[in-house]
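**Student:** Pasting model-v1.pdb here (PDB, C-alpha atoms):
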```pdb
ATOM      1  CA  MET D   1      80.945  28.050 -28.443
ATOM      2  CA  LYS D   2      79.511  25.104 -26.542
ATOM      3  CA  ASN D   3      82.080  22.443 -25.704
ATOM      4  CA  ILE D   4      80.285  19.351 -24.436
ATOM      5  CA  VAL D   5      81.560  16.303 -22.564
ATOM      6  CA  ILE D   6      79.276  13.373 -23.377
ATOM      7  CA  PHE D   7      79.553  10.828 -20.636
ATOM      8  CA  GLY D   8      78.360   7.308 -19.966
ATOM      9  CA  ALA D   9      79.436   3.709 -19.742
ATOM     10  CA  PRO D  10      80.549   1.841 -22.867
ATOM     11  CA  GLY D  11      77.390   1.158 -24.897
ATOM     12  CA  SER D  12      75.341   4.006 -23.403
ATOM     13  CA  GLY D  13      74.800   5.657 -26.799
ATOM     14  CA  LYS D  14      77.478   8.360 -26.735
ATOM     15  CA  GLY D  15      78.430   7.883 -30.406
ATOM     16  CA  THR D  16      74.834   7.749 -31.631
ATOM     17  CA  GLN D  17      73.795  10.868 -29.723
ATOM     18  CA  SER D  18      77.017  12.671 -30.699
ATOM     19  CA  ASP D  19      76.154  12.109 -34.383
ATOM     20  CA  LYS D  20      72.750  13.705 -33.800
ATOM     21  CA  MET D  21      74.320  16.704 -32.000
ATOM     22  CA  ILE D  22      76.823  17.189 -34.828
ATOM     23  CA  GLU D  23      74.008  17.177 -37.386
ATOM     24  CA  LYS D  24      71.810  19.632 -35.431
ATOM     25  CA  TYR D  25      74.399  22.007 -33.958
ATOM     26  CA  GLY D  26      77.445  21.716 -36.231
ATOM     27  CA  PHE D  27      79.740  20.667 -33.395
ATOM     28  CA  GLY D  28      83.137  19.116 -33.927
ATOM     29  CA  HIS D  29      83.600  15.651 -32.443
ATOM     30  CA  ILE D  30      86.541  14.059 -30.725
ATOM     31  CA  SER D  31      85.969  10.398 -29.964
ATOM     32  CA  THR D  32      89.001   9.093 -28.170
ATOM     33  CA  GLY D  33      88.004   5.590 -29.228
ATOM     34  CA  ASP D  34      87.945   6.557 -32.917
ATOM     35  CA  VAL D  35      91.202   8.515 -32.616
ATOM     36  CA  LEU D  36      92.922   5.573 -30.910
ATOM     37  CA  ARG D  37      91.507   2.974 -33.336
ATOM     38  CA  SER D  38      92.812   5.099 -36.217
ATOM     39  CA  GLU D  39      96.288   5.238 -34.642
ATOM     40  CA  ILE D  40      96.228   1.457 -34.074
ATOM     41  CA  GLN D  41      95.022   0.764 -37.624
ATOM     42  CA  ASN D  42      97.757   3.004 -39.038
ATOM     43  CA  GLY D  43     100.386   1.196 -36.948
ATOM     44  CA  THR D  44     101.788   4.363 -35.378
ATOM     45  CA  GLU D  45     103.953   4.212 -32.249
ATOM     46  CA  LEU D  46     101.071   5.754 -30.310
ATOM     47  CA  GLY D  47      98.768   3.110 -31.764
ATOM     48  CA  LYS D  48     101.066   0.265 -30.715
ATOM     49  CA  THR D  49     101.335   1.664 -27.182
ATOM     50  CA  ALA D  50      97.581   2.297 -26.972
ATOM     51  CA  LYS D  51      96.763  -1.213 -28.225
ATOM     52  CA  GLN D  52      98.650  -2.778 -25.323
ATOM     53  CA  PHE D  53      96.478  -0.853 -22.834
ATOM     54  CA  ILE D  54      93.197  -1.420 -24.714
ATOM     55  CA  ASP D  55      93.768  -5.160 -25.125
ATOM     56  CA  GLN D  56      94.072  -5.411 -21.334
ATOM     57  CA  GLY D  57      90.905  -3.319 -20.789
ATOM     58  CA  GLN D  58      93.028  -0.521 -19.283
ATOM     59  CA  LEU D  59      92.842   3.261 -19.744
ATOM     60  CA  ILE D  60      95.421   5.141 -21.852
ATOM     61  CA  PRO D  61      97.867   7.270 -19.764
ATOM     62  CA  ASP D  62      96.605  10.833 -19.223
ATOM     63  CA  GLU D  63      99.603  12.688 -20.672
ATOM     64  CA  LEU D  64      99.304  10.717 -23.894
ATOM     65  CA  MET D  65      95.577  11.420 -24.230
ATOM     66  CA  ILE D  66      95.810  15.157 -23.476
ATOM     67  CA  ASP D  67      98.546  15.592 -26.087
ATOM     68  CA  ILE D  68      96.406  13.791 -28.672
ATOM     69  CA  LEU D  69      93.261  15.730 -27.766
ATOM     70  CA  ALA D  70      94.965  19.138 -27.803
ATOM     71  CA  SER D  71      96.303  18.401 -31.280
ATOM     72  CA  VAL D  72      92.898  17.253 -32.600
ATOM     73  CA  TYR D  73      91.037  20.114 -30.842
ATOM     74  CA  ASP D  74      93.302  22.756 -32.366
ATOM     75  CA  LYS D  75      92.487  21.482 -35.874
ATOM     76  CA  PHE D  76      88.908  22.808 -35.455
ATOM     77  CA  GLY D  77      90.279  26.381 -35.413
ATOM     78  CA  ALA D  78      89.487  29.247 -33.041
ATOM     79  CA  ASP D  79      85.904  29.981 -34.167
ATOM     80  CA  HIS D  80      84.175  26.585 -34.046
ATOM     81  CA  GLN D  81      80.602  26.041 -32.730
ATOM     82  CA  GLY D  82      81.878  23.716 -30.033
ATOM     83  CA  VAL D  83      83.381  20.260 -29.729
ATOM     84  CA  ILE D  84      81.922  17.096 -28.244
ATOM     85  CA  PHE D  85      84.417  15.179 -26.132
ATOM     86  CA  ASP D  86      83.347  11.531 -26.371
ATOM     87  CA  GLY D  87      85.220   9.034 -24.186
ATOM     88  CA  PHE D  88      87.289  11.694 -22.424
ATOM     89  CA  PRO D  89      87.749  12.614 -19.649
ATOM     90  CA  ARG D  90      87.493   9.304 -17.811
ATOM     91  CA  THR D  91      89.153  10.297 -14.542
ATOM     92  CA  ILE D  92      89.239  13.428 -12.367
ATOM     93  CA  PRO D  93      92.889  14.161 -13.280
ATOM     94  CA  GLN D  94      91.877  13.979 -16.968
ATOM     95  CA  ALA D  95      88.955  16.363 -16.316
ATOM     96  CA  GLU D  96      91.336  18.786 -14.618
ATOM     97  CA  ALA D  97      93.815  18.473 -17.513
ATOM     98  CA  LEU D  98      91.036  19.068 -20.079
ATOM     99  CA  LYS D  99      89.840  22.134 -18.145
ATOM    100  CA  LYS D 100      93.427  23.480 -18.112
ATOM    101  CA  MET D 101      94.015  22.711 -21.820
ATOM    102  CA  LEU D 102      90.796  24.520 -22.803
ATOM    103  CA  ALA D 103      91.488  27.453 -20.438
ATOM    104  CA  GLU D 104      94.868  27.948 -22.124
ATOM    105  CA  ARG D 105      92.856  28.612 -25.309
ATOM    106  CA  GLY D 106      90.277  30.825 -23.571
ATOM    107  CA  HIS D 107      87.660  28.053 -23.803
ATOM    108  CA  HIS D 108      85.755  25.857 -21.334
ATOM    109  CA  VAL D 109      83.390  22.897 -21.077
ATOM    110  CA  ALA D 110      79.813  24.251 -21.185
ATOM    111  CA  ALA D 111      78.074  21.019 -20.152
ATOM    112  CA  MET D 112      78.730  17.448 -19.123
ATOM    113  CA  ILE D 113      75.876  15.292 -20.392
ATOM    114  CA  GLU D 114      75.625  11.912 -18.660
ATOM    115  CA  LEU D 115      73.771   9.122 -20.487
ATOM    116  CA  ASP D 116      72.612   6.720 -17.781
ATOM    117  CA  VAL D 117      71.817   3.147 -18.900
ATOM    118  CA  PRO D 118      71.361   0.031 -16.686
ATOM    119  CA  GLU D 119      74.267  -2.433 -16.811
ATOM    120  CA  ASP D 120      72.250  -5.393 -18.183
ATOM    121  CA  GLU D 121      71.208  -3.232 -21.140
ATOM    122  CA  LEU D 122      74.819  -2.074 -21.676
ATOM    123  CA  MET D 123      75.973  -5.713 -21.868
ATOM    124  CA  LYS D 124      73.262  -6.540 -24.457
ATOM    125  CA  ARG D 125      74.114  -3.492 -26.580
ATOM    126  CA  LEU D 126      77.860  -4.118 -26.525
ATOM    127  CA  LEU D 127      77.590  -7.823 -27.369
ATOM    128  CA  LEU D 128      75.279  -6.944 -30.280
ATOM    129  CA  ARG D 129      77.666  -4.184 -31.439
ATOM    130  CA  GLY D 130      80.562  -6.661 -31.330
ATOM    131  CA  GLN D 131      78.638  -9.143 -33.477
ATOM    132  CA  MET D 132      77.674  -6.453 -35.995
ATOM    133  CA  SER D 133      80.962  -4.520 -36.178
ATOM    134  CA  GLY D 134      83.518  -7.209 -35.462
ATOM    135  CA  ARG D 135      85.130  -4.980 -32.799
ATOM    136  CA  SER D 136      87.457  -7.290 -30.900
ATOM    137  CA  ASP D 137      86.987  -5.369 -27.645
ATOM    138  CA  ASP D 138      83.218  -6.089 -27.631
ATOM    139  CA  ASN D 139      83.361  -9.570 -26.085
ATOM    140  CA  GLU D 140      81.868 -10.510 -22.714
ATOM    141  CA  GLU D 141      85.144 -10.771 -20.782
ATOM    142  CA  THR D 142      86.521  -7.442 -22.036
ATOM    143  CA  ILE D 143      83.127  -5.736 -21.610
ATOM    144  CA  LYS D 144      83.027  -6.810 -17.955
ATOM    145  CA  LYS D 145      86.543  -5.402 -17.457
ATOM    146  CA  ARG D 146      85.615  -2.145 -19.198
ATOM    147  CA  LEU D 147      82.475  -1.728 -17.077
ATOM    148  CA  GLY D 148      84.526  -2.462 -13.944
ATOM    149  CA  VAL D 149      87.072   0.195 -14.924
ATOM    150  CA  TYR D 150      84.218   2.605 -15.695
ATOM    151  CA  HIS D 151      82.613   2.130 -12.277
ATOM    152  CA  SER D 152      85.822   2.345 -10.263
ATOM    153  CA  GLN D 153      87.731   5.086 -12.104
ATOM    154  CA  THR D 154      85.237   7.028 -14.179
ATOM    155  CA  GLN D 155      82.040   7.406 -12.170
ATOM    156  CA  PRO D 156      83.648   9.802  -9.633
ATOM    157  CA  LEU D 157      83.614  12.310 -12.509
ATOM    158  CA  ILE D 158      79.860  12.673 -12.068
ATOM    159  CA  GLU D 159      80.415  14.240  -8.640
ATOM    160  CA  TRP D 160      83.311  16.358  -9.960
ATOM    161  CA  TYR D 161      81.158  17.816 -12.753
ATOM    162  CA  LYS D 162      78.263  18.360 -10.307
ATOM    163  CA  GLN D 163      80.660  20.478  -8.236
ATOM    164  CA  GLU D 164      81.611  22.369 -11.411
ATOM    165  CA  GLY D 165      77.894  23.082 -11.840
ATOM    166  CA  ILE D 166      77.676  21.700 -15.399
ATOM    167  CA  HIS D 167      76.469  18.077 -14.887
ATOM    168  CA  HIS D 168      73.250  17.071 -16.676
ATOM    169  CA  HIS D 169      71.719  13.600 -16.141
ATOM    170  CA  ILE D 170      69.875  12.043 -19.112
ATOM    171  CA  ASP D 171      67.957   8.750 -18.964
ATOM    172  CA  GLY D 172      69.718   6.831 -21.760
ATOM    173  CA  LEU D 173      67.149   4.033 -21.938
ATOM    174  CA  GLY D 174      64.265   4.331 -24.378
ATOM    175  CA  GLU D 175      63.529   5.977 -27.712
ATOM    176  CA  LEU D 176      66.497   7.644 -29.452
ATOM    177  CA  ASP D 177      64.440  10.718 -30.342
ATOM    178  CA  ARG D 178      63.259  11.235 -26.734
ATOM    179  CA  ILE D 179      66.842  10.912 -25.472
ATOM    180  CA  PHE D 180      68.019  13.402 -28.091
ATOM    181  CA  ALA D 181      65.203  15.836 -27.221
ATOM    182  CA  ASP D 182      66.378  15.744 -23.582
ATOM    183  CA  ILE D 183      69.975  16.415 -24.715
ATOM    184  CA  SER D 184      68.866  19.244 -27.021
ATOM    185  CA  ALA D 185      66.972  20.893 -24.140
ATOM    186  CA  VAL D 186      70.243  20.965 -22.154
ATOM    187  CA  ILE D 187      72.289  22.372 -25.062
ATOM    188  CA  ASP D 188      69.659  24.993 -25.934
ATOM    189  CA  ASN D 189      69.755  26.288 -22.358
ATOM    190  CA  ILE D 190      73.531  26.691 -21.919
TER     191      ILE D 190
END
```
In structure tokens, how does this file's structure come out?
**Tutor:**
Amino acid sequence: MKNIVIFGAPGSGKGTQSDKMIEKYGFGHISTGDVLRSEIQNGTELGKTAKQFIDQGQLIPDELMIDILASVYDKFGADHQGVIFDGFPRTIPQAEALKKMLAERGHHVAAMIELDVPEDELMKRLLLRGQMSGRSDDNEETIKKRLGVYHSQTQPLIEWYKQEGIHHHIDGLGELDRIFADISAVIDNI
């Protein structure tokens, strides 16, 4: 079982590369963004609460996210190939909570894969995604807020995962296949 945290700023290619990992390795996938958008679309209480945070460019409270993730994770059963955590953790307390939640099940994170993309490229990708998908959170003002939150609250996770000994840096700029080959080399060696 190879649980993977895929990590990077909004627009770094986490979803695209996760799809490729799922296809090649048969991993499960938990995208907090997808889970939250589904809750919002379905008008659940969680969705209404989450929408208030998202609309302000803020992170969802940790307790709420861990409860959601534990529930989704458990649906994969005890004998899965591994799960990709996409969009979580975003803070050190979340990383610690994820480690604890997995340990309670006798599992762990095998690798944290960081997709590193320059900020000007992230802005271009996100604005284009917003035009193509109609995602309301992909506008310039909200993108700037999200990147600010990422840099201030999320980037310290890189150091935390380095200390855990499972951080892997991937250059996220360039050809999709080259990026995926770099990711595959990490997964094949854990």
**Student:** For D:Asp182, which residue out of D:Ile84, D:Gly148, D:Met21, D:Ala97 is the nearest one, using all atoms listed in the file?
**Tutor:** D:Met21
**Student:** The PyMOL selection byres ((chain D and resi 110-122) around 8) on the file shown: which residues, as a PyMOL selection string?
**Tutor:** chain D and resi 2-14+108-109+123-126+158+161+166-173+183+187+190
**Student:** Using all atoms listed in the file, pick whichever of D:Ala185, D:Leu64, D:Val35, D:Val83 has the shortest atom-to-atom distance to D:Thr49.
**Tutor:**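 Checking each of D:Ala185, D:Leu64, D:Val35, D:Val83 against D:Thr49, counting all atoms listed in the file, the winner is D:Leu64.
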**Student:** Which polymer residues, whether protein, DNA or RNA, lie within 9 Å of the coordinate (82.9, -4.8, -26.3) when you count all atoms listed in the file? List them as a list of chain:residue names, using the chain letters and numbers from the file.
**Tutor:**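 These residues have at least one counted atom within 9 Å: D:Pro10, D:Gly11, D:Met123, D:Arg125, D:Leu126, D:Leu127, D:Leu128, D:Arg129, D:Gly130, D:Arg135, D:Ser136, D:Asp137, D:Asp138, D:Asn139, D:Glu140, D:Glu141, D:Thr142, D:Ile143, D:Lys144, D:Arg146.
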**Student:** Quick one: residues within 10 Å of D:Pro89, all atoms listed in the file counted, chain neighbours fewer than 4 positions away excluded, as a VMD selection string?
**Tutor:** chain D and resid 5 to 7 32 62 65 to 66 85 93 to 99 154 157
**Student:** Measuring atom to atom with all atoms listed in the file, identify which of D:Met1, D:Leu176, D:Val72, D:Ala50 is nearest to D:Ser31.
**Tutor:**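 Using all atoms listed in the file, the shortest distance to D:Ser31 belongs to D:Val72.
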**Student:** Tell me which of D:Gln58, D:Gln81, D:Asn42, D:Gln52 sits closest to D:Tyr25, counting all atoms listed in the file.
**Tutor:**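 Between D:Gln58, D:Gln81, D:Asn42, D:Gln52, the residue approaching D:Tyr25 most closely is D:Gln81.
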**Student:** What's the separation between atom CA of D:Gly77 and atom CA of D:Gly28, in Å to one decimal place?
**Tutor:**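 Computing it gives 10.3 Å between the two atoms.
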**Student:** Rounded to one decimal place, report the atom CA of D:Leu102-atom CA of D:Pro61 distance in Å.
**Tutor:** 18.9 Å
